[in-house]
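S.K.: I'm passing along upload.tsv; it holds TSV, C-alpha atoms.
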chain	number	residue	atom	x	y	z
A	1	MET	CA	-59.14	-115.72	97.04
A	2	THR	CA	-60.86	-116.51	100.29
A	3	PRO	CA	-64.62	-115.97	100.55
A	4	LEU	CA	-63.78	-113.26	103.05
A	5	LEU	CA	-62.14	-111.12	100.38
A	6	ALA	CA	-65.12	-111.48	98.10
A	7	ALA	CA	-67.46	-110.43	100.89
A	8	THR	CA	-65.60	-107.21	101.68
A	9	GLY	CA	-66.45	-105.78	98.27
A	10	GLU	CA	-70.04	-104.80	98.91
A	11	ALA	CA	-71.27	-102.84	101.91
A	12	ALA	CA	-72.80	-105.64	103.93
A	13	ILE	CA	-74.30	-105.36	107.38
A	14	ASN	CA	-71.49	-105.35	109.94
A	15	TRP	CA	-72.58	-107.98	112.44
A	16	HIS	CA	-70.09	-106.74	114.98
A	17	THR	CA	-71.89	-103.39	114.97
A	18	VAL	CA	-75.30	-105.05	115.18
A	19	MET	CA	-74.21	-107.14	118.15
A	20	PHE	CA	-72.72	-104.06	119.78
A	21	TYR	CA	-76.01	-102.16	119.53
A	22	VAL	CA	-78.10	-105.10	120.77
A	23	ILE	CA	-75.84	-105.86	123.72
A	24	SER	CA	-75.32	-102.25	124.74
A	25	LEU	CA	-79.09	-101.64	124.56
A	26	CYS	CA	-79.54	-104.63	126.87
A	27	ALA	CA	-76.87	-103.40	129.31
A	28	CYS	CA	-78.13	-99.81	129.39
A	29	GLY	CA	-81.81	-100.75	129.56
A	30	PHE	CA	-81.41	-103.08	132.49
A	31	ALA	CA	-79.12	-100.54	134.19
A	32	VAL	CA	-81.98	-98.03	133.90
A	33	ILE	CA	-84.32	-100.61	135.43
A	34	VAL	CA	-81.85	-101.02	138.31
A	35	ALA	CA	-81.88	-97.29	138.92
A	36	MET	CA	-85.62	-96.74	138.48
A	37	THR	CA	-87.41	-99.59	140.22
A	38	ASN	CA	-88.03	-99.50	143.93
A	39	ASN	CA	-88.34	-103.25	144.37
A	40	ILE	CA	-84.99	-104.50	145.63
A	41	VAL	CA	-85.50	-108.05	144.27
A	42	ARG	CA	-86.22	-106.77	140.77
A	43	MET	CA	-83.17	-104.53	141.05
A	44	ALA	CA	-80.98	-107.56	141.78
A	45	PHE	CA	-82.33	-109.45	138.78
A	46	ALA	CA	-81.88	-106.49	136.43
A	47	LEU	CA	-78.34	-106.04	137.77
A	48	ILE	CA	-77.52	-109.64	136.83
A	49	VAL	CA	-78.73	-109.12	133.26
A	50	SER	CA	-76.92	-105.80	132.96
A	51	LEU	CA	-73.61	-107.22	134.17
A	52	ALA	CA	-73.90	-110.24	131.88
A	53	ALA	CA	-74.57	-107.96	128.92
A	54	THR	CA	-71.53	-105.91	129.91
A	55	SER	CA	-69.42	-109.05	129.73
A	56	GLY	CA	-70.74	-109.44	126.19
A	57	LEU	CA	-69.46	-105.93	125.46
A	58	LEU	CA	-66.04	-106.93	126.78
A	59	PHE	CA	-66.03	-109.93	124.45
A	60	LEU	CA	-66.89	-107.63	121.55
A	61	ALA	CA	-63.90	-105.43	122.41
A	62	GLY	CA	-61.61	-108.45	122.21
A	63	ALA	CA	-60.98	-108.76	125.95
A	64	TYR	CA	-61.97	-112.41	126.10
A	65	PHE	CA	-60.27	-113.18	129.38
A	66	VAL	CA	-61.66	-110.11	131.15
A	67	GLY	CA	-65.12	-110.94	129.81
A	68	ALA	CA	-64.92	-114.48	131.15
A	69	ILE	CA	-63.69	-113.21	134.52
A	70	GLN	CA	-66.54	-110.70	134.57
A	71	LEU	CA	-69.03	-113.52	134.03
A	72	MET	CA	-67.46	-115.77	136.66
A	73	ILE	CA	-66.58	-113.36	139.47
A	74	TYR	CA	-69.02	-110.49	138.97
A	75	VAL	CA	-72.15	-112.27	137.77
A	76	GLY	CA	-71.41	-115.56	139.48
A	77	GLY	CA	-69.96	-114.28	142.73
A	78	THR	CA	-70.53	-110.66	143.63
A	79	VAL	CA	-74.18	-110.53	142.57
A	80	VAL	CA	-74.93	-113.78	144.39
A	81	LEU	CA	-73.43	-112.15	147.47
A	82	LEU	CA	-75.73	-109.14	146.96
A	83	ILE	CA	-78.74	-111.43	146.54
A	84	PHE	CA	-77.85	-113.14	149.82
A	85	GLY	CA	-77.87	-109.70	151.39
A	86	VAL	CA	-81.26	-108.97	149.87
A	87	MET	CA	-82.68	-112.22	151.16
A	88	LEU	CA	-81.22	-111.79	154.65
A	89	THR	CA	-82.75	-108.32	155.00
A	90	ALA	CA	-85.98	-108.96	153.08
A	91	GLN	CA	-88.65	-107.62	155.36
A	92	LYS	CA	-91.79	-106.28	153.83
A	93	ALA	CA	-91.00	-102.65	154.63
A	94	PHE	CA	-87.58	-102.79	152.96
A	95	VAL	CA	-88.42	-104.68	149.77
A	96	THR	CA	-90.09	-101.64	148.23
A	97	MET	CA	-88.69	-98.55	149.85
A	98	GLN	CA	-89.97	-95.33	148.33
A	99	THR	CA	-87.69	-92.44	147.49
A	100	LYS	CA	-88.75	-88.85	147.96
A	101	ALA	CA	-89.69	-86.96	144.79
A	102	SER	CA	-87.20	-84.20	145.57
A	103	ASP	CA	-84.41	-86.79	145.70
A	104	TRP	CA	-85.47	-88.11	142.33
A	105	ILE	CA	-85.49	-84.65	140.76
A	106	LEU	CA	-82.10	-83.74	142.18
A	107	GLY	CA	-80.51	-87.06	141.22
A	108	LEU	CA	-81.89	-87.04	137.70
A	109	LEU	CA	-80.81	-83.42	137.22
A	110	VAL	CA	-77.25	-84.10	138.31
A	111	GLY	CA	-77.11	-87.39	136.43
A	112	GLY	CA	-78.51	-85.91	133.23
A	113	THR	CA	-76.01	-83.06	133.32
A	114	LEU	CA	-73.14	-85.45	133.91
A	115	LEU	CA	-74.32	-87.72	131.09
A	116	ALA	CA	-74.64	-84.80	128.67
A	117	VAL	CA	-71.13	-83.59	129.48
A	118	LEU	CA	-69.59	-87.06	129.21
A	119	VAL	CA	-71.28	-87.99	125.93
A	120	GLN	CA	-70.31	-84.68	124.35
A	121	LEU	CA	-66.73	-85.20	125.50
A	122	VAL	CA	-66.66	-88.75	124.17
A	123	PHE	CA	-67.75	-87.71	120.68
A	124	LEU	CA	-65.46	-84.68	120.64
A	125	ILE	CA	-62.21	-86.42	119.75
A	126	PRO	CA	-62.00	-87.47	116.09
A	127	GLN	CA	-59.54	-90.32	116.71
A	128	TRP	CA	-62.09	-92.06	118.89
A	129	GLN	CA	-65.02	-91.84	116.53
A	130	SER	CA	-64.33	-94.54	113.99
A	131	SER	CA	-62.59	-97.85	113.94
A	132	ASP	CA	-60.35	-98.50	110.93
A	133	TYR	CA	-58.99	-101.79	112.25
A	134	GLN	CA	-61.18	-103.93	110.01
A	135	SER	CA	-60.56	-101.94	106.83
A	136	ASN	CA	-56.79	-101.83	107.50
A	137	MET	CA	-56.67	-105.57	108.02
A	138	ASP	CA	-58.73	-106.20	104.89
A	139	ALA	CA	-56.54	-103.86	102.80
A	140	GLU	CA	-53.39	-105.58	104.09
A	141	LEU	CA	-54.82	-108.98	103.27
A	142	ILE	CA	-55.94	-107.93	99.79
A	143	ALA	CA	-52.50	-106.44	99.06
A	144	PHE	CA	-50.73	-109.60	100.15
A	145	ALA	CA	-53.08	-111.81	98.14
A	146	LYS	CA	-52.49	-109.63	95.07
A	147	GLU	CA	-48.74	-109.93	95.55
A	148	LEU	CA	-49.06	-113.70	95.77
A	149	THR	CA	-51.15	-113.95	92.60
A	150	SER	CA	-48.69	-111.83	90.65
A	151	GLN	CA	-45.90	-114.03	91.94
A	152	GLN	CA	-47.84	-117.08	90.78
A	153	ALA	CA	-48.41	-115.47	87.37
A	154	ARG	CA	-44.65	-115.01	87.01
A	155	GLY	CA	-44.30	-118.74	87.46
A	156	ASP	CA	-42.78	-118.81	90.97
A	157	GLU	CA	-44.01	-121.28	93.54
A	158	ILE	CA	-45.73	-119.96	96.67
A	159	THR	CA	-43.59	-121.00	99.60
A	160	GLU	CA	-44.94	-122.65	102.71
A	161	GLU	CA	-44.00	-119.59	104.76
A	162	GLN	CA	-46.04	-117.24	102.57
A	163	ARG	CA	-48.99	-119.61	102.66
A	164	ARG	CA	-48.89	-119.65	106.45
A	165	LYS	CA	-48.63	-115.86	106.57
A	166	LEU	CA	-51.71	-115.57	104.35
A	167	GLU	CA	-53.66	-117.90	106.63
A	168	LEU	CA	-52.54	-115.92	109.66
A	169	MET	CA	-53.61	-112.62	108.11
A	170	ALA	CA	-56.97	-114.04	107.06
A	171	ALA	CA	-57.56	-115.28	110.59
A	172	LYS	CA	-56.57	-111.89	112.01
A	173	ALA	CA	-58.88	-110.05	109.60
A	174	SER	CA	-61.85	-112.27	110.37
A	175	GLU	CA	-61.39	-112.82	114.09
A	176	GLY	CA	-59.84	-109.64	115.37
A	177	MET	CA	-57.51	-109.92	118.30
A	178	PRO	CA	-55.16	-112.60	119.55
A	179	GLN	CA	-56.01	-114.22	122.84
A	180	ARG	CA	-54.17	-112.65	125.72
A	181	THR	CA	-54.67	-115.18	128.51
A	182	GLY	CA	-51.08	-116.39	128.65
A	183	GLU	CA	-49.75	-112.84	128.51
A	184	ILE	CA	-52.01	-111.86	131.40
A	185	GLY	CA	-50.76	-114.78	133.46
A	186	LEU	CA	-47.15	-113.86	132.76
A	187	ALA	CA	-47.80	-110.19	133.56
A	188	LEU	CA	-49.23	-111.19	136.95
A	189	LEU	CA	-45.91	-112.94	137.61
A	190	GLY	CA	-43.92	-109.86	136.60
A	191	VAL	CA	-43.00	-110.61	132.98
A	192	ARG	CA	-44.42	-108.58	130.12
A	193	ALA	CA	-44.47	-111.00	127.21
A	194	ASP	CA	-45.82	-108.32	124.85
A	195	LYS	CA	-42.93	-105.94	125.60
A	196	ILE	CA	-40.11	-108.44	125.90
A	197	GLU	CA	-38.11	-106.92	123.00
A	198	ASN	CA	-37.91	-103.68	124.93
A	199	GLU	CA	-35.25	-104.45	127.54
A	200	GLU	CA	-36.19	-101.72	130.00
A	201	THR	CA	-39.90	-102.40	130.12
A	202	GLY	CA	-39.76	-106.15	129.57
A	203	LEU	CA	-39.98	-106.92	133.25
A	204	ALA	CA	-42.41	-104.13	134.19
A	205	GLY	CA	-45.17	-106.53	135.14
A	206	TYR	CA	-47.85	-106.53	137.77
A	207	LEU	CA	-46.32	-108.72	140.45
A	208	LEU	CA	-46.56	-106.13	143.23
A	209	PRO	CA	-50.17	-105.05	142.53
A	210	PHE	CA	-51.08	-108.73	142.29
A	211	GLU	CA	-49.58	-109.45	145.70
A	212	ILE	CA	-51.19	-106.37	147.21
A	213	ILE	CA	-54.61	-107.23	145.87
A	214	SER	CA	-54.27	-110.86	146.97
A	215	VAL	CA	-53.44	-109.91	150.56
A	216	HIS	CA	-56.13	-107.22	150.41
A	217	LEU	CA	-58.73	-109.75	149.33
A	218	LEU	CA	-57.72	-112.11	152.14
A	219	VAL	CA	-57.86	-109.35	154.76
A	220	VAL	CA	-61.20	-108.13	153.44
A	221	LEU	CA	-62.76	-111.59	153.55
A	222	VAL	CA	-61.54	-112.20	157.10
A	223	GLY	CA	-62.84	-108.77	158.10
A	224	ALA	CA	-66.19	-109.39	156.44
A	225	ALA	CA	-66.56	-112.71	158.21
A	226	PHE	CA	-65.70	-111.01	161.51
A	227	LEU	CA	-68.17	-108.17	160.95
A	228	ALA	CA	-71.03	-110.37	159.83
A	229	ARG	CA	-70.84	-113.01	162.57
A	230	ALA	CA	-74.24	-113.84	164.00
A	231	LYS	CA	-75.08	-111.64	166.97
A	232	ARG	CA	-78.62	-110.37	167.32
A	233	HIS	CA	-79.78	-108.16	170.10
A	234	HIS	CA	-82.34	-105.83	168.61
A	235	HIS	CA	-85.17	-107.67	170.38
A	236	GLY	CA	-83.46	-107.22	173.69
A	237	ASP	CA	-82.80	-110.93	174.30
A	238	ASP	CA	-79.19	-111.98	174.64
A	239	GLN	CA	-78.66	-115.16	172.69
A	240	ARG	CA	-75.03	-115.74	173.64
B	1	MET	CA	-79.50	-98.52	107.90
B	2	SER	CA	-76.06	-97.16	107.05
B	3	PHE	CA	-75.03	-97.07	110.70
B	4	LEU	CA	-75.33	-100.84	110.84
B	5	SER	CA	-72.71	-101.38	108.13
B	6	GLU	CA	-70.08	-99.10	109.64
B	7	PRO	CA	-67.79	-100.41	112.36
B	8	VAL	CA	-68.35	-98.94	115.81
B	9	GLY	CA	-65.66	-96.67	117.18
B	10	LEU	CA	-64.23	-96.10	120.61
B	11	SER	CA	-66.73	-93.25	121.12
B	12	HIS	CA	-69.72	-95.58	121.08
B	13	PHE	CA	-68.03	-97.81	123.61
B	14	LEU	CA	-67.16	-94.92	125.91
B	15	ALA	CA	-70.73	-93.61	125.60
B	16	VAL	CA	-72.05	-96.94	126.91
B	17	GLY	CA	-69.52	-96.76	129.74
B	18	ALA	CA	-70.58	-93.21	130.57
B	19	PHE	CA	-74.24	-94.25	130.56
B	20	LEU	CA	-73.59	-97.11	132.97
B	21	PHE	CA	-71.58	-94.76	135.19
B	22	VAL	CA	-74.31	-92.12	135.31
B	23	THR	CA	-77.01	-94.72	135.94
B	24	GLY	CA	-74.96	-96.01	138.84
B	25	VAL	CA	-74.50	-92.51	140.25
B	26	VAL	CA	-78.25	-91.83	140.04
B	27	CYS	CA	-78.91	-95.19	141.67
B	28	MET	CA	-76.50	-94.37	144.51
B	29	ALA	CA	-78.05	-90.94	144.98
B	30	THR	CA	-81.71	-91.92	145.04
B	31	LYS	CA	-81.91	-95.30	146.77
B	32	ARG	CA	-82.69	-95.46	150.46
B	33	ASN	CA	-82.02	-99.18	150.73
B	34	ALA	CA	-78.34	-99.81	151.57
B	35	LEU	CA	-78.20	-102.77	149.19
B	36	GLY	CA	-79.58	-100.59	146.40
B	37	ILE	CA	-76.65	-98.24	146.94
B	38	LEU	CA	-74.31	-101.23	146.66
B	39	MET	CA	-75.89	-102.12	143.33
B	40	GLY	CA	-75.31	-98.56	142.15
B	41	ILE	CA	-71.63	-98.92	143.05
B	42	GLU	CA	-71.47	-102.12	141.00
B	43	LEU	CA	-72.88	-100.23	138.01
B	44	VAL	CA	-70.29	-97.45	138.39
B	45	LEU	CA	-67.44	-99.96	138.53
B	46	ASN	CA	-68.86	-101.67	135.47
B	47	GLY	CA	-68.82	-98.43	133.55
B	48	SER	CA	-65.15	-98.00	134.44
B	49	ILE	CA	-64.38	-101.55	133.30
B	50	VAL	CA	-66.05	-100.88	129.96
B	51	ASN	CA	-63.96	-97.74	129.55
B	52	PHE	CA	-60.67	-99.45	130.41
B	53	VAL	CA	-61.33	-102.34	128.04
B	54	GLY	CA	-62.43	-99.96	125.30
B	55	PHE	CA	-59.18	-98.03	125.57
B	56	ALA	CA	-57.25	-101.30	125.67
B	57	SER	CA	-58.85	-102.75	122.56
B	58	PRO	CA	-56.66	-102.77	119.41
B	59	TYR	CA	-59.94	-102.94	117.53
B	60	PHE	CA	-60.56	-99.24	118.08
B	61	ARG	CA	-57.20	-97.49	118.13
B	62	GLU	CA	-53.73	-98.10	116.77
B	63	GLU	CA	-51.92	-97.05	119.96
B	64	ASN	CA	-54.00	-98.62	122.71
B	65	LEU	CA	-53.45	-99.45	126.34
B	66	GLY	CA	-53.12	-103.11	125.42
B	67	LEU	CA	-52.46	-105.46	128.27
B	68	ASP	CA	-52.40	-102.65	130.85
B	69	GLY	CA	-56.09	-101.90	130.36
B	70	HIS	CA	-56.99	-105.56	130.72
B	71	MET	CA	-54.97	-105.85	133.92
B	72	ILE	CA	-56.58	-102.77	135.45
B	73	ALA	CA	-60.02	-104.10	134.54
B	74	LEU	CA	-59.19	-107.36	136.31
B	75	PHE	CA	-58.02	-105.47	139.40
B	76	VAL	CA	-61.23	-103.46	139.38
B	77	ILE	CA	-63.27	-106.67	139.28
B	78	VAL	CA	-61.37	-108.10	142.26
B	79	LEU	CA	-61.74	-104.83	144.18
B	80	ALA	CA	-65.48	-104.86	143.44
B	81	ALA	CA	-65.77	-108.34	144.91
B	82	ALA	CA	-63.86	-107.31	148.05
B	83	GLU	CA	-65.88	-104.12	148.40
B	84	ALA	CA	-69.15	-106.00	148.05
B	85	ALA	CA	-68.13	-108.46	150.78
B	86	VAL	CA	-67.22	-105.74	153.29
B	87	ALA	CA	-70.15	-103.46	152.49
B	88	LEU	CA	-72.54	-106.37	152.76
B	89	ALA	CA	-71.08	-107.31	156.14
B	90	ILE	CA	-71.52	-103.72	157.32
B	91	ALA	CA	-75.09	-103.62	156.00
B	92	LEU	CA	-75.95	-106.88	157.76
B	93	ASN	CA	-74.38	-105.63	160.98
B	94	PHE	CA	-76.40	-102.43	160.72
B	95	TYR	CA	-79.53	-104.45	160.09
B	96	ASN	CA	-78.86	-106.67	163.09
B	97	ASN	CA	-78.24	-103.73	165.39
B	98	HIS	CA	-80.95	-101.34	164.22
B	99	ALA	CA	-83.52	-103.64	162.54
B	100	THR	CA	-83.50	-101.42	159.43
B	101	ILE	CA	-81.43	-100.93	156.29
B	102	ASP	CA	-82.69	-97.44	155.57
B	103	VAL	CA	-79.55	-95.35	155.08
B	104	ASP	CA	-81.46	-92.22	156.13
B	105	ARG	CA	-81.57	-93.67	159.64
B	106	ALA	CA	-77.84	-94.39	159.75
B	107	ASP	CA	-77.08	-91.17	161.58
B	108	GLU	CA	-75.58	-92.53	164.77
B	109	LEU	CA	-72.43	-90.41	164.45
B	110	LYS	CA	-74.38	-87.16	164.09
B	111	GLY	CA	-72.98	-84.28	166.07
Using structure tokens, write down the structure that the file contains.
M.R.:
Amino acid sequence: MTPLLAATGEAAINWHTVMFYVISLCACGFAVIVAMTNNIVRMAFALIVSLAATSGLLFLAGAYFVGAIQLMIYVGGTVVLLIFGVMLTAQKAFVTMQTKASDWILGLLVGGTLLAVLVQLVFLIPQWQSSDYQSNMDAELIAFAKELTSQQARGDEITEEQRRKLELMAAKASEGMPQRTGEIGLALLGVRADKIENEETGLAGYLLPFEIISVHLLVVLVGAAFLARAKRHHHGDDQR
Amino acid sequence: MSFLSEPVGLSHFLAVGAFLFVTGVVCMATKRNALGILMGIELVLNGSIVNFVGFASPYFREENLGLDGHMIALFVIVLAAAEAAVALAIALNFYNNHATIDVDRADELKG
């Protein structure tokens, strides 16, 4: 018996759930700050915290690679780009730009309606409401351990293969998902490692979207550099 | 404290995604600063990423999107980076030409 099996007996606090609530509160709270404050510098800071907390949510869902990419590209790249924009346009009049009250009322009305509809819809479908992954894994593990103990009681030796399977199941029940980094890399090259048994879909990877998005990124960066080249003539003096 | 001992479902995850989406929409609708609108777009894209990854997670459902959801989330992240670069270039150009980033004054094409 692993200590894990002993712990599943009583209803303990599920730390995954606790972390989910803490991180989602962080993400949502700082998103509200982004929407509510008028100071553009504070908005940028709150956006950083909100995006980082969102990457924590992705980790909790088992998407480790996507979470890491979110931290690196979104928090480390895109937001830094935005902050550069804030700094380059930071004149006193634009740092705190007031919104009209009628705009606020209209926006909050539309947003509140949309949120009410979406949340109702999300909680409408019974298959989405609970997660039975953990309990299934624990039940599977307990059943296999019981089978092994009965086998031991009959006097048979536990084979190396069964021992390894038990370790694998225990790891799966305590850790959740396998890492998918290698599969993602293969899928970008056009091979679906997770569907390789299925002959028709085994090669249905993402090579074409990957190429398209690569060329798109290149074109966009060249275009951005072209658009943003230094050329000022709002004071009337021609610097070139 | 019973809700702390139960595992969270896909619904909770999607609710967070919906909240981020709506916050982003409100941010886009109410900000007058062009960069504030960009930040609202980032929030909307983040909500979509949370949704995709939630649907892809085997933690929540037996038949999930799997790798497809992860791939789409990655593409969304790359598109967000590209979009931010171009929109920032346009905002800087606008600022250089008009000495303002108030989107209410970006009405040069008005008929």
S.K.: At what distance in Å, to one decimal, does atom CA of Ile40 of chain A lie from atom CA of Val95 of chain A?
M.R.: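 Taking atom CA of Val95 of chain A as the start and atom CA of Ile40 of chain A as the end point, the length is 5.4 Å.
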S.K.: For chain B, which residue out of A:Glu160, A:Glu167, A:Glu147, A:Glu183 is the nearest one, using all atoms listed in the file?
M.R.: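 Counting all atoms listed in the file, the residue closest to chain B is A:Glu183.
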S.K.: Assuming 6 Å of padding per side, give the centre and edge lengths of the axis-aligned box around every listed atom of segment 213-218 of chain A, in Å to one decimal and as AutoDock Vina command-line options.
M.R.:
--center_x -56.1 --center_y -109.7 --center_z 149.0 --size_x 17.3 --size_y 16.9 --size_z 18.3
S.K.: Could I get the residues of chain B with an atom no further than 7 Å from an atom of chain A, each paired with its nearest atom pair and that distance in Å to one decimal, using only C-alpha atoms, sorted by chain and residue number, as a tab-separated table?
M.R.:
residue	atom	partner	partner_atom	distance
B:Leu4	CA	A:Ile13	CA	5.8
B:Ser5	CA	A:Ile13	CA	4.4
B:Glu6	CA	A:Asn14	CA	6.4
B:Pro7	CA	A:Thr17	CA	5.7
B:Val8	CA	A:Thr17	CA	5.7
B:Gly9	CA	A:Ser130	CA	4.1
B:Leu10	CA	A:Trp128	CA	4.9
B:Ser11	CA	A:Gln129	CA	5.1
B:Leu14	CA	A:Val122	CA	6.4
B:Ala15	CA	A:Val119	CA	5.7
B:Val16	CA	A:Ser24	CA	6.6
B:Ala18	CA	A:Leu118	CA	6.4
B:Phe19	CA	A:Leu115	CA	6.6
B:Leu20	CA	A:Cys28	CA	6.4
B:Val22	CA	A:Gly111	CA	5.6
B:Thr23	CA	A:Ala35	CA	6.3
B:Val25	CA	A:Gly111	CA	6.9
B:Val26	CA	A:Gly107	CA	5.4
B:Cys27	CA	A:Ala35	CA	4.6
B:Ala29	CA	A:Gly107	CA	5.9
B:Thr30	CA	A:Asp103	CA	5.8
B:Lys31	CA	A:Thr99	CA	6.5
B:Arg32	CA	A:Thr99	CA	6.6
B:Asn33	CA	A:Met97	CA	6.8
B:Leu35	CA	A:Val86	CA	6.9
B:Gly36	CA	A:Ile40	CA	6.7
B:Val50	CA	A:Leu58	CA	6.8
B:Val53	CA	A:Leu58	CA	6.7
B:Gly54	CA	A:Ala61	CA	6.4
B:Ser57	CA	A:Ala61	CA	5.7
B:Tyr59	CA	A:Tyr133	CA	5.5
B:Phe60	CA	A:Ser131	CA	4.8
B:Arg61	CA	A:Ser131	CA	6.8
B:His70	CA	A:Val66	CA	6.5
B:Leu74	CA	A:Val66	CA	6.3
B:Ile77	CA	A:Tyr74	CA	6.9
B:Ala81	CA	A:Thr78	CA	5.4
B:Ala82	CA	A:Leu217	CA	5.8
B:Ala84	CA	A:Thr78	CA	6.6
B:Ala85	CA	A:Ala224	CA	6.1
B:Val86	CA	A:Ala224	CA	4.9
B:Leu88	CA	A:Gly85	CA	6.4
B:Ala89	CA	A:Ala228	CA	4.8
B:Ile90	CA	A:Leu227	CA	6.6
B:Leu92	CA	A:Ala228	CA	6.4
B:Asn93	CA	A:Ala228	CA	5.9
B:Asn96	CA	A:Arg232	CA	5.6
B:Asn97	CA	A:His234	CA	5.6
B:His98	CA	A:His234	CA	6.4
B:Ala99	CA	A:His234	CA	6.6
S.K.: Got time to write the residues from that selection, C-alpha atoms, as a CSV table (one decimal), in the frame of the given file?
M.R.:
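That gives us out_20.csv:
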chain,number,residue,atom,x,y,z
B,4,LEU,CA,-75.3,-100.8,110.8
B,5,SER,CA,-72.7,-101.4,108.1
B,6,GLU,CA,-70.1,-99.1,109.6
B,7,PRO,CA,-67.8,-100.4,112.4
B,8,VAL,CA,-68.4,-98.9,115.8
B,9,GLY,CA,-65.7,-96.7,117.2
B,10,LEU,CA,-64.2,-96.1,120.6
B,11,SER,CA,-66.7,-93.2,121.1
B,14,LEU,CA,-67.2,-94.9,125.9
B,15,ALA,CA,-70.7,-93.6,125.6
B,16,VAL,CA,-72.0,-96.9,126.9
B,18,ALA,CA,-70.6,-93.2,130.6
B,19,PHE,CA,-74.2,-94.2,130.6
B,20,LEU,CA,-73.6,-97.1,133.0
B,22,VAL,CA,-74.3,-92.1,135.3
B,23,THR,CA,-77.0,-94.7,135.9
B,25,VAL,CA,-74.5,-92.5,140.2
B,26,VAL,CA,-78.2,-91.8,140.0
B,27,CYS,CA,-78.9,-95.2,141.7
B,29,ALA,CA,-78.0,-90.9,145.0
B,30,THR,CA,-81.7,-91.9,145.0
B,31,LYS,CA,-81.9,-95.3,146.8
B,32,ARG,CA,-82.7,-95.5,150.5
B,33,ASN,CA,-82.0,-99.2,150.7
B,35,LEU,CA,-78.2,-102.8,149.2
B,36,GLY,CA,-79.6,-100.6,146.4
B,50,VAL,CA,-66.0,-100.9,130.0
B,53,VAL,CA,-61.3,-102.3,128.0
B,54,GLY,CA,-62.4,-100.0,125.3
B,57,SER,CA,-58.8,-102.8,122.6
B,59,TYR,CA,-59.9,-102.9,117.5
B,60,PHE,CA,-60.6,-99.2,118.1
B,61,ARG,CA,-57.2,-97.5,118.1
B,70,HIS,CA,-57.0,-105.6,130.7
B,74,LEU,CA,-59.2,-107.4,136.3
B,77,ILE,CA,-63.3,-106.7,139.3
B,81,ALA,CA,-65.8,-108.3,144.9
B,82,ALA,CA,-63.9,-107.3,148.0
B,84,ALA,CA,-69.2,-106.0,148.0
B,85,ALA,CA,-68.1,-108.5,150.8
B,86,VAL,CA,-67.2,-105.7,153.3
B,88,LEU,CA,-72.5,-106.4,152.8
B,89,ALA,CA,-71.1,-107.3,156.1
B,90,ILE,CA,-71.5,-103.7,157.3
B,92,LEU,CA,-76.0,-106.9,157.8
B,93,ASN,CA,-74.4,-105.6,161.0
B,96,ASN,CA,-78.9,-106.7,163.1
B,97,ASN,CA,-78.2,-103.7,165.4
B,98,HIS,CA,-81.0,-101.3,164.2
B,99,ALA,CA,-83.5,-103.6,162.5
S.K.: Hey, can you pull every residue with an atom no more than 6 Å from (-80.0, -103.5, 155.2), using all atoms listed in the file, and send it as a count of residues only?
M.R.: 7
S.K.: Distance atom CA of Gly69 of chain B-atom CA of Ile49 of chain B, one decimal place?
M.R.: 8.8 Å
S.K.: Just the number, please: distance in Å from atom CA of Ser48 of chain B to atom CA of Ala53 of chain A, one decimal.
M.R.: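 Calculated distance between atom CA of Ser48 of chain B and atom CA of Ala53 of chain A is 14.8 Å.
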S.K.: Taking into account all atoms listed in the file, which residue in the set B:Pro58, B:Met71, B:Ala80, B:Asp102 is nearest to Leu186 of chain A?
M.R.: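 Closest to Leu186 of chain A, using all atoms listed in the file: B:Met71.
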S.K.: So, with only C-alpha atoms as the atoms that count, which of B:Met28, B:Ile37, B:Leu45, B:Leu109 lies closest to Val76 of chain B?
M.R.: B:Leu45
S.K.: Pick out the closest residue to Val103 of chain B from this set: B:Leu67, B:His12, B:Leu38, B:Phe3. Count all atoms listed in the file.
M.R.: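 Of B:Leu67, B:His12, B:Leu38, B:Phe3, the one nearest Val103 of chain B is B:Leu38, counting all atoms listed in the file.
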S.K.: Between B:Arg105, B:Phe13, B:Ser2, B:Lys110, which has the minimum distance to Asn51 of chain B (counting only C-alpha atoms)?
M.R.: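 Closest to Asn51 of chain B of all the choices is B:Phe13.
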